[in-house]
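> input_4.txt is reproduced below (compact mmCIF, C-alpha atoms).
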# COMPACT_ATOMS: atom_id res chain seq x y z
CA MET A 263 0.00 0.00 0.00
CA SER A 264 2.99 2.27 0.49
CA SER A 265 3.06 3.71 -2.99
CA ILE A 266 -0.50 4.91 -2.69
CA ALA A 267 -0.25 6.11 0.86
CA PHE A 268 2.28 8.77 -0.09
CA LEU A 269 0.12 10.38 -2.72
CA PRO A 270 -1.40 13.69 -1.80
CA ILE A 271 -5.07 13.26 -1.04
CA GLN A 272 -6.18 15.59 -3.75
CA LEU A 273 -4.25 13.74 -6.42
CA SER A 274 -6.55 13.97 -9.35
CA TYR A 275 -9.82 12.62 -10.38
CA GLY A 276 -10.64 11.68 -13.90
CA MET A 277 -9.31 9.12 -16.11
CA HIS A 278 -5.76 9.91 -16.78
CA ILE A 279 -2.82 7.86 -15.70
CA ALA A 280 -1.31 9.52 -12.67
CA GLU A 281 2.26 10.81 -12.56
CA GLY A 282 4.83 8.07 -12.33
CA PHE A 283 2.28 5.32 -12.69
CA LEU A 284 3.40 4.14 -16.06
CA PRO A 285 6.62 2.16 -16.02
CA GLN A 286 9.52 3.95 -17.68
CA ILE A 287 9.56 1.81 -20.79
CA TRP A 288 5.89 2.45 -21.45
CA SER A 289 6.17 6.10 -20.58
CA LEU A 290 8.83 6.36 -23.25
CA PHE A 291 6.93 4.19 -25.71
CA TRP A 292 3.74 6.20 -25.60
CA SER A 293 5.62 9.49 -25.65
CA ILE A 294 7.35 8.41 -28.85
CA ALA A 295 4.13 7.07 -30.33
CA PHE A 296 2.37 10.31 -29.59
CA LEU A 297 5.06 12.77 -30.71
CA PRO A 298 4.53 12.59 -34.50
CA PHE A 299 0.86 13.38 -34.03
CA LEU A 300 1.70 16.40 -31.91
CA ILE A 301 4.15 17.67 -34.50
CA LEU A 302 1.68 17.21 -37.33
CA SER A 303 -0.97 18.94 -35.29
CA ILE A 304 1.19 21.96 -34.48
CA ARG A 305 2.25 22.31 -38.09
CA TYR A 306 -1.34 22.12 -39.23
CA ILE A 307 -2.50 24.72 -36.74
CA THR A 308 0.27 27.19 -37.59
CA LYS A 309 -0.48 26.76 -41.26
CA GLN A 310 -4.20 27.30 -40.72
CA PHE A 311 -3.51 30.34 -38.59
CA ARG A 312 -1.74 31.94 -41.53
CA LEU A 313 -4.04 30.78 -44.29
CA ASN A 314 -7.41 31.11 -42.59
CA PRO A 315 -7.45 33.78 -39.89
CA LYS A 316 -11.09 33.09 -39.23
CA ASN A 317 -10.17 29.65 -37.99
CA ARG A 318 -8.29 31.18 -35.10
CA MET A 319 -11.45 31.90 -33.24
CA LEU A 320 -12.72 28.38 -33.78
CA TYR A 321 -9.53 26.89 -32.41
CA VAL A 322 -9.75 29.12 -29.36
CA LEU A 323 -13.37 28.10 -28.90
CA MET A 324 -12.63 24.42 -29.19
CA ALA A 325 -9.84 24.78 -26.66
CA ALA A 326 -12.22 26.66 -24.35
CA PHE A 327 -14.79 23.90 -24.66
CA ALA A 328 -12.16 21.30 -23.86
CA PHE A 329 -11.03 23.21 -20.78
CA THR A 330 -14.56 23.69 -19.54
CA LEU A 331 -15.68 20.14 -20.00
CA SER A 332 -12.55 18.56 -18.62
CA SER A 333 -12.96 20.59 -15.44
CA LEU A 334 -16.37 19.15 -14.68
CA LYS A 335 -16.22 16.39 -12.14
CA ILE A 336 -19.20 14.17 -12.65
CA PRO A 337 -20.18 11.44 -10.21
CA SER A 338 -21.05 7.97 -11.34
CA LEU A 339 -23.02 5.03 -10.01
CA ALA A 340 -19.83 3.34 -8.98
CA GLY A 341 -19.37 6.05 -6.39
CA SER A 342 -16.51 7.94 -7.96
CA CYS A 343 -16.04 11.04 -10.06
CA SER A 344 -14.47 11.60 -13.40
CA HIS A 345 -14.19 14.19 -16.14
CA PRO A 346 -15.35 14.31 -19.72
CA THR A 347 -12.70 14.93 -22.34
CA GLY A 348 -14.15 17.87 -24.21
CA MET A 349 -12.45 16.73 -27.41
CA GLY A 350 -15.51 15.66 -29.35
CA LEU A 351 -16.85 19.05 -30.36
CA GLY A 352 -13.52 20.18 -31.73
CA ALA A 353 -13.00 16.93 -33.59
CA ILE A 354 -16.28 17.52 -35.38
CA ILE A 355 -15.97 21.22 -36.02
CA VAL A 356 -12.29 21.78 -36.80
CA GLY A 357 -11.24 18.18 -37.37
CA PRO A 358 -9.16 15.78 -35.29
CA LEU A 359 -5.73 17.08 -36.26
CA PRO A 360 -5.74 20.44 -34.46
CA MET A 361 -7.33 18.82 -31.43
CA MET A 362 -4.20 16.79 -30.85
CA ALA A 363 -2.22 19.86 -29.87
CA ILE A 364 -5.15 21.43 -28.07
CA GLY A 365 -5.70 18.30 -26.02
CA THR A 366 -2.03 18.20 -25.17
CA VAL A 367 -2.20 21.74 -23.81
CA VAL A 368 -5.18 20.78 -21.66
CA LEU A 369 -3.34 17.75 -20.32
CA LEU A 370 -0.18 19.70 -19.71
CA LEU A 371 -1.95 22.37 -17.71
CA GLN A 372 -3.83 19.74 -15.77
CA ALA A 373 -0.60 17.93 -14.97
CA LEU A 374 1.15 21.09 -13.84
CA LEU A 375 -1.63 22.93 -12.05
CA ILE A 376 -3.89 20.27 -10.62
CA ALA A 377 -1.53 17.33 -10.33
CA HIS A 378 -3.93 15.47 -12.57
CA GLY A 379 -2.29 13.09 -14.99
CA GLY A 380 1.43 13.67 -15.27
CA LEU A 381 4.43 14.61 -17.33
CA THR A 382 5.76 11.08 -17.53
CA THR A 383 2.30 9.96 -18.57
CA LEU A 384 1.62 12.91 -20.87
CA GLY A 385 2.39 10.91 -24.00
CA ALA A 386 0.13 8.05 -23.04
CA ASN A 387 -2.70 10.27 -21.87
CA ALA A 388 -2.42 12.45 -24.94
CA PHE A 389 -2.42 9.40 -27.18
CA SER A 390 -5.68 8.21 -25.70
CA MET A 391 -7.43 11.54 -25.23
CA ALA A 392 -5.97 13.83 -27.89
CA VAL A 393 -5.24 11.38 -30.70
CA VAL A 394 -7.55 8.38 -30.55
CA GLY A 395 -10.54 10.23 -29.07
CA PRO A 396 -10.75 12.92 -31.75
CA LEU A 397 -10.02 10.45 -34.53
CA VAL A 398 -12.84 8.19 -33.38
CA SER A 399 -15.24 11.11 -32.99
CA PHE A 400 -14.41 12.52 -36.40
CA GLY A 401 -14.54 9.15 -38.11
CA LEU A 402 -17.91 8.35 -36.59
CA TYR A 403 -19.30 11.75 -37.44
CA LYS A 404 -18.30 11.44 -41.07
CA GLY A 405 -19.27 7.79 -41.31
CA LEU A 406 -22.70 8.36 -39.86
CA GLU A 407 -23.19 11.25 -42.23
CA LYS A 408 -22.77 8.88 -45.14
CA MET A 409 -25.38 6.65 -43.55
CA GLY A 410 -27.79 9.53 -43.46
CA VAL A 411 -28.03 9.90 -39.70
CA SER A 412 -29.34 13.29 -38.62
CA GLN A 413 -26.80 15.84 -37.51
CA LYS A 414 -27.60 16.20 -33.83
CA ILE A 415 -27.61 12.45 -33.35
CA ARG A 416 -24.31 12.23 -35.16
CA VAL A 417 -22.82 14.83 -32.87
CA PHE A 418 -24.03 12.97 -29.82
CA ILE A 419 -22.79 9.57 -30.93
CA ALA A 420 -19.46 10.95 -32.09
CA ALA A 421 -18.83 12.70 -28.78
CA PHE A 422 -20.14 9.81 -26.69
CA VAL A 423 -18.16 7.07 -28.40
CA GLY A 424 -15.07 9.25 -28.72
CA SER A 425 -15.12 9.82 -24.99
CA LEU A 426 -15.55 6.11 -24.27
CA SER A 427 -12.78 5.18 -26.67
CA THR A 428 -10.37 7.42 -24.79
CA TYR A 429 -10.87 5.42 -21.65
CA LEU A 430 -10.78 2.18 -23.52
CA VAL A 431 -7.32 3.09 -24.76
CA THR A 432 -6.28 4.10 -21.23
CA SER A 433 -7.45 0.71 -19.98
CA ILE A 434 -5.43 -0.98 -22.68
CA GLN A 435 -2.36 1.12 -21.90
CA LEU A 436 -2.55 0.24 -18.22
CA GLY A 437 -3.38 -3.37 -18.96
CA ILE A 438 -0.36 -3.77 -21.19
CA ALA A 439 1.96 -2.00 -18.78
CA PHE A 440 0.93 -4.00 -15.73
CA SER A 441 0.04 -7.26 -17.36
CA GLY A 442 2.58 -9.52 -15.77
CA GLY A 443 2.14 -11.85 -18.70
CA ASN A 444 -1.62 -11.90 -18.85
CA ILE A 445 -2.40 -8.93 -21.04
CA ILE A 446 -6.00 -9.58 -21.98
CA GLU A 447 -7.06 -10.45 -18.49
CA THR A 448 -5.43 -7.34 -17.07
CA VAL A 449 -6.88 -5.11 -19.75
CA VAL A 450 -10.32 -6.49 -18.98
CA LYS A 451 -9.78 -5.73 -15.30
CA PHE A 452 -8.95 -2.12 -16.05
CA ILE A 453 -11.88 -1.83 -18.39
CA GLY A 454 -14.03 -3.06 -15.55
CA VAL A 455 -12.70 -0.35 -13.27
CA PHE A 456 -13.16 2.46 -15.73
CA MET A 457 -16.01 1.74 -18.02
CA VAL A 458 -18.82 1.57 -15.49
CA THR A 459 -17.90 5.03 -14.28
CA GLN A 460 -17.24 6.32 -17.74
CA VAL A 461 -20.46 5.40 -19.50
CA PRO A 462 -22.62 8.02 -17.75
CA ILE A 463 -19.83 10.57 -18.04
CA SER A 464 -19.48 9.91 -21.74
CA LEU A 465 -23.26 10.23 -22.02
CA ALA A 466 -23.07 13.60 -20.29
CA GLU A 467 -20.26 14.58 -22.62
CA GLY A 468 -22.35 13.66 -25.63
CA LEU A 469 -25.27 15.71 -24.38
CA LEU A 470 -23.18 18.76 -23.51
CA THR A 471 -21.46 18.56 -26.88
CA VAL A 472 -24.84 18.62 -28.61
CA VAL A 473 -25.93 21.63 -26.54
CA VAL A 474 -22.88 23.69 -27.43
CA PHE A 475 -23.05 22.48 -31.03
CA ASN A 476 -26.64 23.68 -31.19
CA LEU A 477 -25.68 27.07 -29.81
CA MET A 478 -22.85 27.45 -32.28
CA SER A 479 -24.93 26.18 -35.16
CA ASP A 480 -27.59 28.69 -34.31
CA ALA A 481 -24.98 31.43 -34.52
CA GLN A 482 -23.93 30.00 -37.89
CA MET A 483 -20.51 29.18 -36.59
CA THR A 484 -20.54 25.59 -37.76
CA ASP A 485 -21.21 26.23 -41.41
CA ARG A 486 -17.58 26.06 -42.23
CA ILE A 487 -17.12 22.54 -40.97
CA GLN A 488 -17.18 20.72 -44.22
CA THR A 489 -14.86 22.99 -46.08
CA GLU A 490 -12.23 23.64 -43.43
CA ALA A 491 -11.93 20.33 -41.68
CA ASN A 492 -9.73 18.67 -44.27
CA MET B 279 -33.27 31.00 -31.13
CA LYS B 280 -36.55 29.38 -32.00
CA ARG B 281 -38.53 28.01 -29.14
CA ASN B 282 -38.05 24.38 -30.16
CA LYS B 283 -34.31 24.77 -30.21
CA LYS B 284 -34.35 26.39 -26.80
CA LEU B 285 -36.49 23.60 -25.40
CA LEU B 286 -34.18 21.02 -26.87
CA ASN B 287 -31.13 22.55 -25.28
CA ILE B 288 -32.86 22.89 -21.95
CA GLY B 289 -34.02 19.30 -22.19
CA LEU B 290 -30.49 18.11 -22.92
CA LEU B 291 -29.12 20.09 -19.99
CA LEU B 292 -31.76 18.60 -17.71
CA MET B 293 -30.68 15.16 -18.83
CA VAL B 294 -27.12 16.03 -17.85
CA VAL B 295 -28.34 17.18 -14.45
CA ALA B 296 -30.18 13.88 -14.10
CA LEU B 297 -27.01 11.97 -14.97
CA ILE B 298 -25.24 13.83 -12.22
CA VAL B 299 -27.96 13.52 -9.61
CA ILE B 300 -29.01 9.92 -10.16
CA PRO B 301 -25.79 8.31 -8.95
CA MET B 302 -25.91 10.31 -5.78
CA VAL B 303 -29.50 9.35 -5.19
CA LEU B 304 -29.02 5.68 -5.96
CA ASN B 305 -25.71 5.33 -4.20
CA PRO B 306 -25.73 7.78 -1.31
CA SER B 307 -22.98 5.96 0.50
CA GLY B 308 -20.50 6.13 -2.34
CA GLU B 309 -17.41 8.10 -1.45
CA TYR B 310 -17.23 9.77 -4.84
CA SER B 311 -13.52 10.14 -4.91
CA GLY B 312 -11.77 10.29 -8.23
CA THR B 313 -11.44 7.32 -10.52
CA ASP B 314 -7.71 7.77 -10.55
CA GLN B 315 -7.83 6.30 -7.06
CA ASN B 316 -9.69 3.30 -8.40
CA ALA B 317 -7.18 2.92 -11.18
CA LEU B 318 -4.39 3.11 -8.66
CA GLY B 319 -6.17 0.52 -6.57
CA MET B 320 -6.30 -1.78 -9.54
CA ILE B 321 -2.63 -1.20 -10.28
CA GLU B 322 -1.90 -2.05 -6.69
CA GLU B 323 -3.91 -5.22 -7.05
CA VAL B 324 -2.39 -6.29 -10.31
CA ALA B 325 1.18 -5.23 -9.66
CA PRO B 326 1.57 -4.82 -5.90
CA SER B 327 5.30 -4.27 -6.06
CA TYR B 328 5.07 -1.34 -8.42
CA VAL B 329 6.53 1.89 -7.13
CA PRO B 330 6.03 5.11 -9.06
CA TRP B 331 9.32 6.35 -10.41
CA TYR B 332 8.53 9.99 -10.73
CA GLU B 333 6.82 12.39 -8.43
CA VAL B 334 4.32 15.10 -9.09
CA LEU B 335 6.16 18.40 -9.44
CA TRP B 336 3.58 20.50 -7.73
CA ALA B 337 0.20 19.70 -6.33
CA PRO B 338 -2.33 22.19 -5.04
CA PRO B 339 -1.69 22.55 -1.32
CA SER B 340 -5.31 21.91 -0.43
CA GLY B 341 -8.63 20.88 -1.83
CA GLU B 342 -9.62 24.53 -1.84
CA ILE B 343 -6.77 25.56 -4.10
CA GLU B 344 -7.52 22.62 -6.32
CA SER B 345 -11.12 23.79 -6.56
CA LEU B 346 -9.83 27.23 -7.44
CA MET B 347 -7.90 25.78 -10.37
CA PHE B 348 -10.87 23.81 -11.60
CA THR B 349 -13.06 26.86 -11.26
CA ILE B 350 -10.63 29.01 -13.21
CA PHE B 351 -10.47 26.45 -16.02
CA ALA B 352 -14.18 25.90 -16.17
CA SER B 353 -15.20 29.54 -15.97
CA SER B 354 -12.55 30.79 -18.40
CA GLY B 355 -13.61 28.23 -20.95
CA ALA B 356 -17.26 29.01 -20.45
CA ALA B 357 -16.62 32.76 -20.65
CA VAL B 358 -14.74 32.42 -23.94
CA LEU B 359 -17.47 30.24 -25.41
CA ALA B 360 -20.26 32.52 -24.27
CA TYR B 361 -18.50 35.65 -25.47
CA PHE B 362 -17.77 34.51 -28.98
CA ILE B 363 -21.06 32.74 -29.53
CA GLY B 364 -22.90 35.78 -28.21
CA TYR B 365 -20.84 38.04 -30.43
CA LYS B 366 -21.67 36.04 -33.52
CA LYS B 367 -25.34 35.89 -32.66
CA GLY B 368 -25.29 39.64 -32.30
CA GLN B 369 -23.60 40.06 -35.65
CA LEU B 370 -26.19 37.81 -37.24
CA ALA B 371 -29.04 39.76 -35.72
CA VAL B 372 -27.60 43.03 -36.95
CA SER B 373 -27.05 41.76 -40.47
CA LYS B 374 -30.56 40.40 -40.61
CA ALA B 375 -32.07 43.62 -39.40
CA GLU B 376 -30.12 45.66 -41.93
CA PRO B 377 -29.68 43.55 -45.04
CA SER B 378 -28.06 46.45 -46.80
CA ALA B 379 -25.28 46.72 -44.21
CA ASN B 380 -22.00 45.08 -45.03
CA ASN B 381 -22.08 41.35 -44.84
CA GLU B 382 -18.58 40.62 -43.68
CA GLY B 383 -18.21 38.24 -40.81
CA MET B 384 -19.80 34.90 -40.48
CA THR B 385 -21.55 34.47 -43.78
CA THR B 386 -20.23 31.40 -45.47
CA HIS B 387 -17.85 31.90 -48.24
CA ASN B 388 -15.10 29.46 -48.92
Represent the supplied structure as structure tokens.


Amino acid sequence: MSSIAFLPIQLSYGMHIAEGFLPQIWSLFWSIAFLPFLILSIRYITKQFRLNPKNRMLYVLMAAFAFTLSSLKIPSLAGSCSHPTGMGLGAIIVGPLPMMAIGTVVLLLQALLIAHGGLTTLGANAFSMAVVGPLVSFGLYKGLEKMGVSQKIRVFIAAFVGSLSTYLVTSIQLGIAFSGGNIIETVVKFIGVFMVTQVPISLAEGLLTVVVFNLMSDAQMTDRIQTEAN
Amino acid sequence: MKRNKKLLNIGLLLMVVALIVIPMVLNPSGEYSGTDQNALGMIEEVAPSYVPWYEVLWAPPSGEIESLMFTIFASSGAAVLAYFIGYKKGQLAVSKAEPSANNEGMTTHN
């Protein structure tokens, strides 16, 4: 119990892997896996800033949404609290690529200012929340569009499943790192810990994403989605 | 915003409130700590000899300061969202009221 006893009581809520709780090899692995995405994302954003000044406001807004949502601690039936990711809206409106850098900023500030997540686990957490999450949300949104699903429902499903997929990846990351030989069984254990809590939170995320999407759509701020999100 | 849209948004927000309230009603004895603790508990269970190899650089000295940080994040984000969305709505309203006024701003052009 010693390792846990020394943690400050307020050490984070929410679904990210806490500082130091990913063995060095895996910390390095996920950092390396995540880095190319971050670089691509930063290059894309700087290019868009120059080419399309009007996108600046959208990026700021999507970052603001991410900050707001990821600060909301929501209780679950399992008797614990967690946060939504706030990535879904941005993935839909400006595309997944810029969200990778935005999500990283959110995670970095959380690690530094609230001791939530960590620097050694930044790569892993960013991979799950800032890379996989937005990609899943965007892919679902576009895929469902081809299937003719109505927009609001698409937004909800994209945000909901994107949020869940983030925690699925976290479970897998932890399962692999702590498997002791039995990867699948360990992954399933972590999924069991997280997913019960996360389903209602992901539902809440989906709903909140639809609300803000509605507000923005009503102000005609989402009209540019199709053309800019390439 | 048309009435239906407003009702929809309010309905969605009420559903979120329900999602938040229901666990506390159904499970009043839950301690509602963070899930990181549960994850750490599982790590402890699965790999009891694991010792974290890096320490948090700085943690808020108390729950109050931590709440301050969360509040700053949440309110800043909400303020930015509300400001820009409100601004654009205002622009829209102006351009609708005066169709002859310049139409720069949010009209779609690619």

> Rounded to one decimal in Å, what is the spacing between CA of Gly424 (chain A) and CA of Val356 (chain A)?

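According to the coordinates, CA of Gly424 (chain A) and CA of Val356 (chain A) are separated by 15.2 Å.
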
> Please determine, counting only C-alpha atoms, which residue among B:Tyr361, B:Leu285, B:Ser327, B:Ser345 has the shortest atom-to-atom distance to Phe440 (chain A).

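Closest to Phe440 (chain A) of all the choices is B:Ser327.
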
> Find, counting all atoms listed in the file, the residue in A:Leu302, A:Leu430, A:Val367, A:Ala373 that gets nearest to chain B.

A:Ala373

> Please compute the CA of Gly289 (chain B)-CA of Val417 (chain A) distance, one decimal, in Å.

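About the pair CA of Gly289 (chain B) and CA of Val417 (chain A): they are 16.1 Å apart.
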
> Mind pulling up the distance from CA of Leu470 (chain A) to CA of Ile419 (chain A)?

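Going from CA of Ile419 (chain A) over to CA of Leu470 (chain A) covers 11.8 Å.
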
> With a cut-off of 9 Å, could you pull out the residues of chain B touching region 452-466 of chain A and give me the nearest pair of atoms for each, distance in Å to one decimal, using only C-alpha atoms, ordered by chain and ascending number, as CSV?


residue,atom,partner,partner_atom,distance
B:Leu291,CA,A:Ala466,CA,8.9
B:Met293,CA,A:Ala466,CA,7.9
B:Val294,CA,A:Ala466,CA,5.3
B:Val295,CA,A:Ala466,CA,8.6
B:Leu297,CA,A:Pro462,CA,6.5
B:Ile298,CA,A:Ala466,CA,8.4
B:Thr313,CA,A:Phe456,CA,7.3
B:Asn316,CA,A:Val455,CA,6.8
B:Ala317,CA,A:Val455,CA,6.7
B:Met320,CA,A:Phe452,CA,7.0
B:Ile321,CA,A:Phe452,CA,8.6

> Determine, counting only C-alpha atoms, which protein, DNA and RNA residues have an atom within 10 Å of an atom of Lys404 (chain A); residues of the same chain fewer than 4 positions away are not included. Present the result as a list in words.

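Listing them by chain and then by number gives Ile354, Val398, Ser399, Phe400, Lys408, Met409, Gly410, Val411, Arg416, Val417, Ala420 and Gln488 of chain A.
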
> Output C-alpha atoms for every residue in the selection just made, as a PDB file, in the coordinates of the input.


ATOM      1  CA  ILE A 354     -16.280  17.520 -35.380  1.00  0.00           C
ATOM      2  CA  VAL A 398     -12.840   8.190 -33.380  1.00  0.00           C
ATOM      3  CA  SER A 399     -15.240  11.110 -32.990  1.00  0.00           C
ATOM      4  CA  PHE A 400     -14.410  12.520 -36.400  1.00  0.00           C
ATOM      5  CA  LYS A 408     -22.770   8.880 -45.140  1.00  0.00           C
ATOM      6  CA  MET A 409     -25.380   6.650 -43.550  1.00  0.00           C
ATOM      7  CA  GLY A 410     -27.790   9.530 -43.460  1.00  0.00           C
ATOM      8  CA  VAL A 411     -28.030   9.900 -39.700  1.00  0.00           C
ATOM      9  CA  ARG A 416     -24.310  12.230 -35.160  1.00  0.00           C
ATOM     10  CA  VAL A 417     -22.820  14.830 -32.870  1.00  0.00           C
ATOM     11  CA  ALA A 420     -19.460  10.950 -32.090  1.00  0.00           C
ATOM     12  CA  GLN A 488     -17.180  20.720 -44.220  1.00  0.00           C
TER      13      GLN A 488
END

> Measuring between all atoms listed in the file, which one of A:Ile301, A:Leu477, A:Met391, A:Leu397 shows the shortest distance to chain B?

A:Leu477

> Would you kindly return, as a ChimeraX atom specification, each protein, DNA or RNA residue with an atom no farther than 7 Å from any atom of Ala337 (chain B), considering all atoms listed in the file and excluding same-chain residues fewer than 6 positions away?

/A:375-377

> Mind checking which residues fall within 9 Å of Phe283 (chain A), counting only C-alpha atoms, ignoring those fewer than 6 positions away in the same chain, and posting them as an MDAnalysis selection string?

(chainID A and resid 289 380 382:383 436) or (chainID B and resid 318 321 328:332)

> Ranking A:Gln310, A:His345, A:Phe299, A:Phe389 by minimum distance to chain B and counting all atoms listed in the file, which one comes first?

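Looking at the shortest contact to chain B, the residue is A:His345.
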
> Around region 347-361 of chain B, fit a box with edges along x, y and z, padding it by 3 Å on each side, then list its centre and edge lengths in Å to one decimal as JSON.


{"center_x": -14.1, "center_y": 29.7, "center_z": -17.9, "size_x": 18.4, "size_y": 17.8, "size_z": 21.1}
